[in-house]
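Below is one structure, written out as structure tokens; comments come after it.
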Amino acid sequence: MTLADSIDRITQTIIDKSKPTRDKYLDRMAAATSNKRTRSALSCGNLAHGMASCNATDKSIIAKEDAPNLAIISSYNDMLSAHHPYRTYPDLIKGTASRLGVTAQVAGGVPAMCDGVTQGQSGMELSLFSRDLIAMATAVSLSHDMFDGTICLGVCDKIVPGLLIGALSFGHLPTIFLPAGPMSTRQSNDAKAKTRQAYAEGKVGRKELLASESASYHGDGTCTFYGTANSNQMLMEIMGLHLPGSSFIPPNTELRDCLSSKAVEVLINNIQQNKDKRVPLYKIITEKTIVNGLVGLFATGGSTNHAIHIIAIARAAGIIVDWQDMADISATVPLLCRIYPNGSADINHFQAAGGMPFLMRELSAAGYLHQDVYTILGKGLSQYFEEPELVENNQAEIFRQNSDVKSPAKLVQWKAAPKDSLDESVLSPAKKAFSQHGGLQLLTGNLGRSVIKTSSVSDDRLIVDAEAVVVDDQNDLVKLFKQGKLQKNFVAVIRFQGPKANGMPELHKLTPILGSLQDAGFSVALVTDGRMSGASGKVPAAIHLVPEALDGGLIGKIANGDRIRLDANEGRLELLVKDNELAKRTQANKPNDDDQFGMGRELFSNFRRNVTSAEYGASSLG
């Protein structure tokens with residue numbers, strides 16, 4: 001499998017510009033690496049506190065310092081469907097560890113908020129910053145220095161990036177991520193979107209809307225559309241932090257549990273190697289792995305939120321990636337998936353069509369993935385082209401270390417994935433790609449720099465040239481729609497939505513009304529320094545605009561009626577107002593500047609003051 005020249009060239013550019021910061025990171029990780037058990041440096045008092053609540057057997061194992069102690073960091077809560085399955089994981093992990101003569105402890109929990117619950121509400125202003133809080137909580141969990149390896153339990157939007165950023169501070173430890181899987185398919189995502197649009201148009205009421213939403217979100221698992229949560233799972237697998245083929249196995253199934261148990265065994269085996277053969281997290285997350293993740297993101301039409309998150313993840317490992325790198329990779333990588341909102345299928349259809357094993361094999365064969373990378377299984381990606389299956393355990397001694405411990409009744413093994421896609425309308429081979437472009441475009445011009453997801457937008461909508469309708473709150477645009485004042489071609493400008501202004505909330509609330517106007521025949525687009533949903537849809541949206549309005553960006557000088565031209569084909573975003581006219585204008589002030597209270601927003605003022613721009617990952621961690 002020969003690597004494509006374009007991918008090789010982009011990767012080398014990233015390696016070259018990252019060298020100073022990457023070298024410093026690697027030096028820190030090398031200094032932290034040891035053949036001794038991590039807890040060997042603790043005093044007797046430290047150690048006694050750390051194992052006080054353990055049973056006698058585990059206390060004995062921990063005190064001897066012969067066997068690894070695993071840290072479980074969980075985002076479990078009762079409210080989130082995607083994280084509810086994690087309720088049973090600690091016992092499963094501890095049971096597997098005990099069978100292998102190893103201990104495991106829940107080292108800590110991290111917050112896990114749901115954008116689906118907070119969408120359009122004040123609480124959404126905490127959403128992006130929760131990623132950094134999760135990273136900090138992960139570091140706090142590991143700071144007790146009791147652990148030799150890390151198991152991260154997380155699925156959704158900011159949770160996986162936050163866990164990974166935090167774990168990278170302890171990148172000398174072997175680390176795995178355990179997915180929980182998607183919920184089953186009921187109402188289609190397309191039907192859900194149509195009901196939302198009908199509600200926005202006043203054609204159905206709240207009762208019908210709630211019934212539709214409840215038919216879409218009905219049980220354990222991730223939402224079935226291809227937003228940030230499922231993009232996260234794809235990333236963790238293609239970057240080698242999940243077991244092969246494990247990302248989209250449904251929750252609460254025997255295969256799901258056996259995969260989780262097997263992952264713990266893999267981690268333990270890794271930890272028990274000497275330090276020269278061990279594969280810690282810092283050896284897995286490299287420049288080449290980050291490029292592989294971006295290739296997967298664009299080949300699947302993944303979440304635009306990762307135009308922020310991957311930058312922040314990379315920087316936590318000393319790697320410098322920017323939107324130009326992303327645009328260059330997107331221009332090279334073909335789109336191989338049609339999953340809602342890029343198509344009508346959901347993530348379960350993707351899995352049934354061949355899922356990650358087929359996708360990774362196709363991308364590798366076409367030269368888009370680096371093969372010389374480490375994963376939790378060791379060197380190379382070839383095992384990721386296979387899919388898991390359950391078999392009866394006819395060799396009772398296969399994973400046993402202690403004769404008095406019962407072996408599992410069933411085991412996971414891997415087999416070759418189907419050679420062909422089982423549904424080419426959902427998952428296409430590289431030679432029949434849906435598009436030769438991955439669907440993320442960098443937009444530049446006098447308004448600054450932003451990104452647009454084009455994979456969900458029809459070709460005839462990629463250029464919009466219209467007058468601006470300017471608001472500083474998404475609810476004001478909703479009001480204009482309800483008043484019938486948006487029956488025209490226009491570019492909606494939503495400003496003061498950047499990370500410094502209010503935490504960069506998603507503006508998914510606008511999707512139904514803008515979609516309705518587009519369906520009515522109007523040419524509409526969105527320009528904002530905020531975010532759109534991870535499931536950004538059919539309306540062209542220039543998002544993450546930098547500099548943001550609060551940083552003096554030109555978006556703060558746009559007036560109602562100004563012409564704006566968004567050209568996603570040419571990668572241009574221009575305010576068509578003469579420079580001498582703009583020079584006369586004053587920068588708009590942020591409305592309700594003191595209104596950062598309620599829903600805990602006042603507690604995040606330091607995050608807003610210290611956050612970097614969107615192109616630098618919108619991070620408050622430095």
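In the structure tokens, each chain is lettered A, B, ... as it comes, each chain's residues begin at 1, and ligands are numbered from 1 in order of appearance.
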Would you return as a ChimeraX atom specification the members of stretch 417-448 of chain A that DSSP assigns to strand (DSSP E or B) on this structure's backbone?
/A:427,435,440-445,448
Export of the given selection (C-alpha atoms) as a PDB file, in the first residue's frame:
```pdb
ATOM      1  CA  LEU A 427     -20.486   3.154   1.891  1.00  0.00           C
ATOM      2  CA  SER A 435     -17.063  13.004  -4.422  1.00  0.00           C
ATOM      3  CA  LEU A 440     -14.508  20.703   4.280  1.00  0.00           C
ATOM      4  CA  GLN A 441     -13.489  23.955   2.658  1.00  0.00           C
ATOM      5  CA  LEU A 442     -11.457  26.830   4.062  1.00  0.00           C
ATOM      6  CA  LEU A 443     -12.978  30.212   3.249  1.00  0.00           C
ATOM      7  CA  THR A 444     -10.788  33.307   3.191  1.00  0.00           C
ATOM      8  CA  GLY A 445     -11.399  36.927   2.282  1.00  0.00           C
ATOM      9  CA  GLY A 448     -11.297  36.658   7.805  1.00  0.00           C
TER      10      GLY A 448
END
```
Give me, as an mmCIF file with C-alpha atoms, in the first residue's frame, all polymer residues having an atom no more than 8 Å from A:Ala365, counting only C-alpha atoms and skipping those fewer than 3 positions away in the same chain.
```
data_model
loop_
_atom_site.group_PDB
_atom_site.id
_atom_site.type_symbol
_atom_site.label_atom_id
_atom_site.label_comp_id
_atom_site.auth_asym_id
_atom_site.auth_seq_id
_atom_site.Cartn_x
_atom_site.Cartn_y
_atom_site.Cartn_z
ATOM 1 C CA MET A 1 0.000 0.000 0.000
ATOM 2 C CA THR A 2 1.766 3.100 -1.271
ATOM 3 C CA ARG A 361 -9.176 -0.968 4.119
ATOM 4 C CA GLU A 362 -10.390 1.126 1.177
ATOM 5 C CA TYR A 368 -4.656 7.754 2.107
#
```
Env of A:Ser344: 10 Å cut, atoms = only C-alpha atoms, seq-sep filter 6 positions within chain, self excluded. Answer as a PDB file with C-alpha atoms, in the first residue's frame.
```pdb
ATOM      1  CA  SER A 188     -35.262   8.139  10.154  1.00  0.00           C
ATOM      2  CA  ASN A 189     -33.198  11.267  10.673  1.00  0.00           C
ATOM      3  CA  ASP A 190     -34.654  12.685   7.469  1.00  0.00           C
ATOM      4  CA  ALA A 191     -38.203  12.312   8.833  1.00  0.00           C
ATOM      5  CA  PHE A 225     -27.065  10.626  12.821  1.00  0.00           C
ATOM      6  CA  ARG A 338     -23.450   8.982   2.741  1.00  0.00           C
ATOM      7  CA  SER A 425     -25.388   3.932  -1.596  1.00  0.00           C
ATOM      8  CA  VAL A 426     -24.116   4.289   1.989  1.00  0.00           C
TER       9      VAL A 426
END
```
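For the set A:Val333, A:Ala41, A:Leu514, A:Ile347, the residue with the smallest atom-to-atom gap to A:Leu480 is A:Leu514, counting only C-alpha atoms.
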Name all residues at most 12 Å from A:Arg22 (count only C-alpha atoms; drop same-chain ones fewer than 2 positions away) and give them as a VMD selection string.
chain A and resid 14 to 20 24 to 29 282 to 283 285 to 287 314 to 321
Tell me, which residues of stretch 39-207 of chain A carry DSSP alpha helix (DSSP H), written as number ranges by chain?
A: 44-50, 56-64, 89-99, 115-118, 127-142, 159-168, 189-200, 206-207
Restricting the output to C-alpha atoms, write the selected residues as a JSON list (two decimals), in the first residue's frame.
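See again.json below for the written result:
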```json
[["chain", "number", "residue", "atom", "x", "y", "z"],
["A", 44, "CYS", "CA", 3.04, 4.42, 52.77],
["A", 45, "GLY", "CA", 0.49, 7.02, 53.86],
["A", 46, "ASN", "CA", -0.21, 7.97, 50.24],
["A", 47, "LEU", "CA", -0.67, 4.36, 49.25],
["A", 48, "ALA", "CA", -2.85, 3.52, 52.25],
["A", 49, "HIS", "CA", -5.23, 6.33, 51.32],
["A", 50, "GLY", "CA", -5.32, 5.18, 47.70],
["A", 56, "ALA", "CA", -8.36, -7.52, 50.86],
["A", 57, "THR", "CA", -7.24, -9.23, 47.66],
["A", 58, "ASP", "CA", -6.85, -5.97, 45.76],
["A", 59, "LYS", "CA", -5.06, -4.35, 48.71],
["A", 60, "SER", "CA", -2.54, -7.17, 48.69],
["A", 61, "ILE", "CA", -1.95, -6.84, 44.94],
["A", 62, "ILE", "CA", -1.62, -3.05, 45.05],
["A", 63, "ALA", "CA", 0.72, -3.14, 48.07],
["A", 64, "LYS", "CA", 3.10, -5.62, 46.41],
["A", 89, "TYR", "CA", -18.53, -0.99, 32.73],
["A", 90, "PRO", "CA", -16.53, -0.59, 35.98],
["A", 91, "ASP", "CA", -17.66, -3.99, 37.26],
["A", 92, "LEU", "CA", -16.92, -5.58, 33.89],
["A", 93, "ILE", "CA", -13.46, -3.99, 33.79],
["A", 94, "LYS", "CA", -12.68, -4.93, 37.38],
["A", 95, "GLY", "CA", -13.85, -8.49, 36.75],
["A", 96, "THR", "CA", -11.57, -8.83, 33.73],
["A", 97, "ALA", "CA", -8.67, -7.29, 35.64],
["A", 98, "SER", "CA", -9.20, -9.63, 38.60],
["A", 99, "ARG", "CA", -9.24, -12.66, 36.32],
["A", 115, "ASP", "CA", -25.81, 19.50, 23.20],
["A", 116, "GLY", "CA", -29.13, 17.96, 22.24],
["A", 117, "VAL", "CA", -30.54, 19.02, 25.61],
["A", 118, "THR", "CA", -28.92, 22.48, 25.72],
["A", 127, "SER", "CA", -20.70, 23.28, 26.02],
["A", 128, "LEU", "CA", -17.40, 23.99, 24.28],
["A", 129, "PHE", "CA", -15.65, 24.90, 27.53],
["A", 130, "SER", "CA", -16.79, 21.61, 29.04],
["A", 131, "ARG", "CA", -14.14, 19.99, 26.81],
["A", 132, "ASP", "CA", -11.37, 21.81, 28.67],
["A", 133, "LEU", "CA", -13.03, 21.10, 32.01],
["A", 134, "ILE", "CA", -13.16, 17.40, 31.11],
["A", 135, "ALA", "CA", -9.46, 17.49, 30.21],
["A", 136, "MET", "CA", -8.70, 19.05, 33.59],
["A", 137, "ALA", "CA", -10.90, 16.53, 35.40],
["A", 138, "THR", "CA", -9.07, 13.71, 33.60],
["A", 139, "ALA", "CA", -5.75, 15.10, 34.77],
["A", 140, "VAL", "CA", -7.06, 15.41, 38.33],
["A", 141, "SER", "CA", -8.20, 11.78, 38.17],
["A", 142, "LEU", "CA", -4.74, 10.61, 37.15],
["A", 159, "ILE", "CA", -16.27, 14.34, 26.12],
["A", 160, "VAL", "CA", -13.97, 12.26, 23.91],
["A", 161, "PRO", "CA", -11.76, 15.22, 22.91],
["A", 162, "GLY", "CA", -11.59, 16.32, 26.56],
["A", 163, "LEU", "CA", -10.67, 12.85, 27.79],
["A", 164, "LEU", "CA", -7.97, 12.51, 25.14],
["A", 165, "ILE", "CA", -6.50, 15.97, 25.82],
["A", 166, "GLY", "CA", -6.35, 15.17, 29.53],
["A", 167, "ALA", "CA", -4.91, 11.70, 28.96],
["A", 168, "LEU", "CA", -2.18, 13.17, 26.73],
["A", 189, "ASN", "CA", -33.20, 11.27, 10.67],
["A", 190, "ASP", "CA", -34.65, 12.69, 7.47],
["A", 191, "ALA", "CA", -38.20, 12.31, 8.83],
["A", 192, "LYS", "CA", -37.13, 13.97, 12.08],
["A", 193, "ALA", "CA", -35.65, 16.93, 10.16],
["A", 194, "LYS", "CA", -38.84, 17.34, 8.12],
["A", 195, "THR", "CA", -40.94, 17.47, 11.29],
["A", 196, "ARG", "CA", -38.62, 20.08, 12.79],
["A", 197, "GLN", "CA", -38.96, 22.17, 9.66],
["A", 198, "ALA", "CA", -42.75, 21.78, 9.67],
["A", 199, "TYR", "CA", -42.82, 22.94, 13.30],
["A", 200, "ALA", "CA", -40.74, 26.00, 12.41],
["A", 206, "ARG", "CA", -45.29, 20.90, 20.00],
["A", 207, "LYS", "CA", -47.09, 17.60, 20.63]]
```
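Atom CA of A:Phe350 sits 26.7 Å away from atom CA of A:Thr88.
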